[in-house]
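These notes are about the structure you will find just below.
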Amino acid sequence: SNKRPQNTFKSTCCYCGVGCGVVINKEKNGSITLEGDKDYPVNKGMLCSKGLNLHYTANDKTDRLLYPQMRYNKSMPLQRVSWDDALERTAAIFKTFINKYGPDSVAFYASGQCLTEEYYVVNKLIKGFIGSNNIDTNSRLCMSSAVAAYKIALGEDTVPVCYDDIELADCFYVTGANPAWCHPILWRRVEAHKVANPDVKIIVVDPRVTDTCSTADLHLQLNPGTDITLNHAIGRVLIENGDIDVDFVTKHADGFERYSKLVFERTLAESAAICGVSESDIRLAATYIGEAKGFISMWTMGLNQSSVGVNKNLSLLNLNLITGHIGKPGSGPLSLTGQPNAMGGREVGGLANLLPAHRVLTNPADRAEVQKFWGGTEIAAKPGLTATEMFEALNDGRLKAIWIMCTNPLTSLPNVRLAEEALKKAKFVVVQEISNKPETLAYADVILPAAAWAEKEGTMTNSERRISYLSKVLDPPGEAMPDSEIICRFAKKMGYKGFDFKNAAEIYAEHAKLTGKTNIDISGLTHDTIILQRSIQWPYKKRNAAVGTPRLFTDKQFYTTTGNAQISAVPDAHTSETTDSDYPFILTTGRIRDQWHTMSKTGKVNKLNQHIKESFVEINPIDAAALEIKEGDVTIITSRRGEARVKARLTEQIKQGVIFVPMHWGKILNNDLHRINNVTNDALDPISKEPDFKYCAVKIEKY
Ligand code: SF4
């Protein structure tokens with residue numbers, strides 16, 4: 001890396017969890033250009049439309065927040081203040097609430113886009129010094145069901161496979177995901193593998209015909225919410241066909257007998273009818289899986305964002321476990337992380353129910369160990385408020401102050417008008433942001449300008465446990481500051497010791513030390529090693545070793561108490577709200593190819609806005625005809641919570657009785673009717689607390 005000219009920097013794309021490597025060139029005029037890093041193992045030079053346009057987002061500073069702003073009371077306007085004034089007053093207000101109402105009266109709501117170092121300091125601040133576990137992130141809306149299921153099935157929140165297993169697999173089961181649009185570069189690898197090896201089988205499970213289906217050998221267009229029934233039915237056929245790894249299920253897994261009994265409780269005909277797919281297609285899927293030497297299951301929000309998200313995940317993991325397709329080349333479950341660093345956030349324990357390095361919050365010894373290491377206050381035993389629970393607590397007055405960093409909940413939360421009411425009622429709102437666009441800013445008492453991608457250094461972990469280093473290439477505009485520095489300065493204003501880090505490398509060193517002797521041990525890792533090796537997959541114990549751990553469980557030793565993987569006999573009931581004559585349609589939401597989340601970055605790029613210019617609703621032509629809705633008509637979609645107004649797109653690619661609207665659009669010029677999260681349901685999975693974004697009952701009418 002020393003040989004590179006000084007105007008060239010290596011980094012990682014800040015959008016999806018694929019984690020593509022980029023090479024950034026700094027031009028003489030101070031702007032940047034970039035290209036895919038040909039030497040990077042993830043993307044080998046490729047970038048998708050979002051990654052290719054990252055430099056536009058970085059170069060365009062027109063929407064950037066440049067200095068701290070504050071209002072002295074709710075009826076006064078925001079005014080420019082110094083960093084010291086903003087942080088001192090915020091600290092004084094936080095202290096007042098903590099003294100008067102206790103530490104649980106304040107909360108931090110952060111993001112899967114934060115760097116690991118940023119997560120680390122904010123988690124340390126609230127858990128270790130304020131004494132509350134009220135920190136959650138938008139990862140709660142994203143991967144928390146997968147996390148809980150991994151813990152149950154494997155004893156640890158970990159992805160067993162690596163991307164290089166793709167080229168070693170001969171069957172892919174892609175469910176609740178549209179990777180062709182949402183994890184494009186990873187999908188390019190699957191497509192290229194299929195082109196080179198036409199016998200490779202791809203099964204896609206989705207209520208919609210997506211771009212991902214164009215490469216599929218089999219598309220199971222199931223009824224929304226019936227994933228568990230389908231996975232069980234496939235499990236049943238695998239058992240009938242004798243395609244079970246008997247050695248694995250007897251020696252290395254528990255629960256096969258109960259599972260086997262359960263999946264035979266429904267006939268295949270019954271399951272096929274529930275799922276809305278044919279018996280022969282279920283058999284074919286099972287045959288493809290049963291004949292595979294290497295079998296990879298891939299999934300994302302279609303399984304996770306559900307009121308039975310954990311059970312959906314477990315029913316899928318079962319397919320890998322009963323066939324023994326785990327811990328060997330070309331085989332295993334590969335959850336596609338939605339955000340670039342959701343995994344890094346979990347490593348530092350940055351969720352309301354976690355402790356650093358995947359320690360257990362409810363375990364007193366784990367709490368005591370972390371407290372001793374940090375040297376702060378006693379860590380509370382009670383899990384903190386999760387994402388949606390924070391806004392409920394603001395609404396009913398339990399929570400007084402919220403600090404929102406790097407996320408825009410007023411577009412992204414389900415039943416979002418309730419969250420909006422909550423921010424109106426909040427006694428004190430801090431928003432730490434890069435852009436002046438997010439709706440959340442309208443409710444801020446303090447606005448703190450943050451440095452953006454390429455304006456700060458740090459690390460992220462992608463979907464295959466690969467930790468990479470992101471270079472600082474540009475100075476932040478105005479007085480904007482890296483998020484970790486903002487949090488450390490605030491912690492010092494609160495009078496806390498332990499936040500005197502000189503740079504991100506020092507924060508990382510402290511985090512790495514805390515992982516020693518855990519399952520995710522990276523105690524041998526430093527920023528210097530990551531920069532030298534370019535990227536490393538955890539666990540990584542030995543200082544300066546050239547490789548980390550590409551694949552886990554090769555010894556068939558799992559992190560569960562028995563050492564065996566757990567096959568779970570989960571019920572296939574789904575608990576989403578029911579359709580009726582008032583709300584006869586099922587609404588599902590998702591991403592489009594060229595936008596990222598709430599569009600504060602990708603929405604700035606003309607090229608990306610060209611792909612799909614405005615929000616829309618996909619509806620089957622037969623449903624549309626019955627409602628006299630024509631292509632391009634404005635429709636109004638109403639649920640028991642709220643309504644949204646978008647134009648109709650008639651397509652046979654969606655099942656009758658189901659409609660789809662993208663999640664990206666929020667308020668436009670104060671009009672909130674493009675915002676589909678007015679309509680979505682905030683019902684939660686009881687274990688993961690992940691909301692049921694993918695299923696709610698609605699009516700749709702011509703406006
Ligand atoms: Fe970025 Fe994901 Fe596209 Fe790669 S696939 S360039 S990480 S958005």
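So you can find residues: chains in the structure tokens are A, B, ... in the order shown, residues in each start at 1, and ligands are numbered from 1 in order.
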So that I can check the surroundings of Arg283 of chain A, please list as a ChimeraX atom specification every protein, DNA and RNA residue that reaches within 12 Å of it, counting only C-alpha atoms and ignoring chain neighbours fewer than 2 positions away. /A:203,218,220,230-241,268-269,271-272,277-281,285-290
Next, write the just-selected residues to a file, as a short mmCIF file (atom, residue, chain, number, x, y, z; two decimals), in the first residue's frame, keeping N, CA and C atoms as the atom set.
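Dumped to out07.cif:
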```
data_model
loop_
_atom_site.label_atom_id
_atom_site.label_comp_id
_atom_site.auth_asym_id
_atom_site.auth_seq_id
_atom_site.Cartn_x
_atom_site.Cartn_y
_atom_site.Cartn_z
N ILE A 203 -33.14 -21.51 -7.03
CA ILE A 203 -34.56 -21.49 -6.65
C ILE A 203 -34.82 -20.12 -6.03
N LEU A 218 -36.22 -22.16 -10.95
CA LEU A 218 -37.54 -22.39 -10.37
C LEU A 218 -37.92 -21.17 -9.53
N LEU A 220 -40.78 -19.99 -6.93
CA LEU A 220 -41.94 -20.35 -6.12
C LEU A 220 -42.61 -19.05 -5.70
N LEU A 230 -43.85 -23.37 3.63
CA LEU A 230 -43.09 -23.81 2.44
C LEU A 230 -41.79 -24.51 2.85
N ASN A 231 -41.05 -23.89 3.76
CA ASN A 231 -39.78 -24.50 4.17
C ASN A 231 -40.01 -25.87 4.81
N HIS A 232 -41.05 -25.96 5.63
CA HIS A 232 -41.37 -27.26 6.24
C HIS A 232 -41.74 -28.30 5.18
N ALA A 233 -42.51 -27.85 4.17
CA ALA A 233 -42.92 -28.79 3.12
C ALA A 233 -41.70 -29.30 2.36
N ILE A 234 -40.75 -28.41 2.10
CA ILE A 234 -39.52 -28.84 1.42
C ILE A 234 -38.75 -29.81 2.33
N GLY A 235 -38.72 -29.48 3.62
CA GLY A 235 -38.06 -30.37 4.60
C GLY A 235 -38.70 -31.76 4.58
N ARG A 236 -40.01 -31.78 4.51
CA ARG A 236 -40.74 -33.06 4.47
C ARG A 236 -40.33 -33.89 3.25
N VAL A 237 -40.29 -33.23 2.09
CA VAL A 237 -39.93 -33.98 0.88
C VAL A 237 -38.47 -34.45 0.95
N LEU A 238 -37.61 -33.62 1.51
CA LEU A 238 -36.20 -34.04 1.67
C LEU A 238 -36.13 -35.32 2.52
N ILE A 239 -36.96 -35.37 3.56
CA ILE A 239 -36.97 -36.56 4.42
C ILE A 239 -37.53 -37.76 3.64
N GLU A 240 -38.65 -37.53 2.96
CA GLU A 240 -39.26 -38.61 2.16
C GLU A 240 -38.28 -39.17 1.13
N ASN A 241 -37.52 -38.26 0.53
CA ASN A 241 -36.59 -38.69 -0.52
C ASN A 241 -35.30 -39.31 0.04
N LEU A 268 -48.54 -32.66 1.83
CA LEU A 268 -47.94 -31.76 0.85
C LEU A 268 -49.02 -30.95 0.13
N ALA A 269 -50.16 -31.60 -0.11
CA ALA A 269 -51.26 -30.90 -0.80
C ALA A 269 -51.74 -29.72 0.05
N SER A 271 -50.00 -28.04 2.34
CA SER A 271 -48.96 -27.00 2.33
C SER A 271 -48.98 -26.24 1.01
N ALA A 272 -49.11 -26.97 -0.08
CA ALA A 272 -49.12 -26.33 -1.40
C ALA A 272 -50.28 -25.34 -1.49
N VAL A 277 -48.51 -22.46 -4.14
CA VAL A 277 -47.59 -22.99 -5.16
C VAL A 277 -47.95 -24.46 -5.40
N SER A 278 -47.44 -25.03 -6.48
CA SER A 278 -47.87 -26.40 -6.79
C SER A 278 -47.04 -27.42 -6.00
N GLU A 279 -47.67 -28.59 -5.78
CA GLU A 279 -46.95 -29.68 -5.12
C GLU A 279 -45.70 -30.06 -5.92
N SER A 280 -45.86 -30.08 -7.24
CA SER A 280 -44.71 -30.53 -8.05
C SER A 280 -43.55 -29.54 -7.94
N ASP A 281 -43.85 -28.24 -7.81
CA ASP A 281 -42.76 -27.26 -7.64
C ASP A 281 -42.07 -27.43 -6.29
N ALA A 285 -38.11 -28.27 -5.93
CA ALA A 285 -37.18 -27.52 -5.08
C ALA A 285 -36.43 -28.48 -4.16
N ALA A 286 -37.17 -29.41 -3.57
CA ALA A 286 -36.54 -30.36 -2.66
C ALA A 286 -35.55 -31.26 -3.40
N THR A 287 -35.89 -31.62 -4.63
CA THR A 287 -34.98 -32.46 -5.41
C THR A 287 -33.69 -31.70 -5.72
N TYR A 288 -33.82 -30.45 -6.14
CA TYR A 288 -32.61 -29.64 -6.41
C TYR A 288 -31.72 -29.58 -5.15
N ILE A 289 -32.36 -29.32 -4.01
CA ILE A 289 -31.57 -29.21 -2.77
C ILE A 289 -30.98 -30.57 -2.41
N GLY A 290 -31.81 -31.61 -2.53
CA GLY A 290 -31.36 -32.95 -2.15
C GLY A 290 -30.21 -33.46 -3.00
#
```
Env. residues ligand 1 / 10 Å / only C-alpha atoms and all ligand atoms / as a PDB file with C-alpha atoms, in the first residue's frame:
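Result went into out-v3.pdb, see below:
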```
ATOM      1  CA  THR A  12     -15.456   0.291   0.982  1.00  0.00           C
ATOM      2  CA  CYS A  13     -18.809   1.222  -0.512  1.00  0.00           C
ATOM      3  CA  CYS A  14     -21.095   2.606   2.190  1.00  0.00           C
ATOM      4  CA  TYR A  15     -24.383   1.196   0.904  1.00  0.00           C
ATOM      5  CA  CYS A  16     -25.315  -2.469   1.120  1.00  0.00           C
ATOM      6  CA  GLY A  17     -23.888  -5.314   3.169  1.00  0.00           C
ATOM      7  CA  VAL A  18     -22.064  -6.828   0.182  1.00  0.00           C
ATOM      8  CA  GLY A  19     -19.210  -4.482   1.076  1.00  0.00           C
ATOM      9  CA  CYS A  20     -17.508  -3.829  -2.278  1.00  0.00           C
ATOM     10  CA  GLY A  21     -13.983  -2.407  -2.325  1.00  0.00           C
ATOM     11  CA  VAL A  22     -13.414   0.921  -4.066  1.00  0.00           C
ATOM     12  CA  GLU A  35     -13.682   2.822  -9.409  1.00  0.00           C
ATOM     13  CA  GLY A  36     -14.178  -0.730  -8.191  1.00  0.00           C
ATOM     14  CA  VAL A  42     -15.581  -9.313  -2.753  1.00  0.00           C
ATOM     15  CA  ASN A  43     -16.227  -7.490  -6.028  1.00  0.00           C
ATOM     16  CA  GLY A  45     -13.454  -4.477  -9.615  1.00  0.00           C
ATOM     17  CA  MET A  46     -17.221  -4.558 -10.133  1.00  0.00           C
ATOM     18  CA  LEU A  47     -19.585  -1.943  -8.669  1.00  0.00           C
ATOM     19  CA  CYS A  48     -23.344  -1.584  -8.999  1.00  0.00           C
ATOM     20  CA  SER A  49     -25.119   1.615 -10.030  1.00  0.00           C
ATOM     21  CA  LYS A  50     -25.175   2.937  -6.468  1.00  0.00           C
ATOM     22  CA  GLY A  51     -21.475   2.286  -5.843  1.00  0.00           C
ATOM     23  CA  LEU A  52     -20.459   3.681  -9.236  1.00  0.00           C
ATOM     24  CA  ASN A  53     -22.099   6.995  -8.378  1.00  0.00           C
ATOM     25  CA  LEU A  54     -20.762   7.376  -4.855  1.00  0.00           C
ATOM     26  CA  PRO A 179     -30.398  -9.574  -4.638  1.00  0.00           C
ATOM     27  CA  ALA A 180     -30.344  -8.652  -8.337  1.00  0.00           C
ATOM     28  CA  TRP A 181     -31.471  -5.198  -7.172  1.00  0.00           C
ATOM     29  CA  CYS A 182     -30.522  -5.047  -3.521  1.00  0.00           C
ATOM     30  CA  HIS A 183     -27.203  -6.963  -3.337  1.00  0.00           C
ATOM     31  CA  PRO A 184     -26.248  -6.607  -7.000  1.00  0.00           C
ATOM     32  CA  ILE A 185     -22.557  -7.462  -7.005  1.00  0.00           C
ATOM     33  CA  LEU A 186     -23.004 -10.597  -4.951  1.00  0.00           C
ATOM     34  CA  TRP A 187     -25.750 -11.624  -7.347  1.00  0.00           C
ATOM     35  CA  ARG A 188     -23.473 -10.959 -10.341  1.00  0.00           C
ATOM     36  CA  THR A 337     -27.101  -7.987   5.419  1.00  0.00           C
ATOM     37  CA  GLY A 338     -29.119  -4.974   4.410  1.00  0.00           C
ATOM     38  CA  GLN A 339     -26.741  -2.313   5.654  1.00  0.00           C
ATOM     39  CA  PRO A 340     -22.993  -1.911   5.235  1.00  0.00           C
ATOM     40  CA  ASN A 462     -19.770  -6.975   5.593  1.00  0.00           C
ATOM     41  CA  ARG A 593     -32.404  -0.892  -7.631  1.00  0.00           C
ATOM     42  CA  ASP A 594     -30.967   2.608  -7.632  1.00  0.00           C
ATOM     43  CA  GLN A 595     -32.082   4.123  -4.325  1.00  0.00           C
ATOM     44  CA  TRP A 596     -30.726   3.599  -0.871  1.00  0.00           C
TER      45      TRP A 596
END
```
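The shortest atom-to-atom distance to His511 of chain A, with only C-alpha atoms taken into account, belongs to A:Ser523 out of A:Arg140, A:Ser523, A:Lys472, A:Asn133.
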Do you know which residues are at most 7 Å from Ile202 of chain A counting only C-alpha atoms, after dropping those on the same chain fewer than 6 positions away, and could you put them as an NGL selection string? :A and (171-173 or 216-218)
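Here atom CA of Lys201 of chain A and atom CA of Met298 of chain A stand 13.3 Å from one another.
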Excluding Gly563 of chain A and its own-chain neighbours fewer than 6 positions away, which residues fall within 10 Å of it when counting only C-alpha atoms? Please give them as a ChimeraX atom specification. /A:154-155,252-254,556-557
Give me the residues near segment 484-498 of chain A as a list in words, where near means some atom within 7 Å (using only C-alpha atoms) and where sequence neighbours in that chain fewer than 5 positions away do not count. Leu87, Glu88, Ala91, Glu117, Glu118, Val121, Val122, Leu125 and Phe129 of chain A
Could you please take those selected residues and save C-alpha atoms as a compact mmCIF listing (two decimals), in the first residue's frame?
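File produced: selection-v3.txt:
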```
# COMPACT_ATOMS: atom_id res chain seq x y z
CA LEU A 87 -22.56 19.92 23.58
CA GLU A 88 -22.48 21.66 26.96
CA ALA A 91 -24.96 17.48 28.46
CA GLU A 117 -15.67 2.77 16.06
CA GLU A 118 -18.71 5.07 16.17
CA VAL A 121 -18.13 4.79 21.66
CA VAL A 122 -21.87 5.43 21.75
CA LEU A 125 -21.27 5.90 26.66
CA PHE A 129 -21.42 5.44 31.87
```
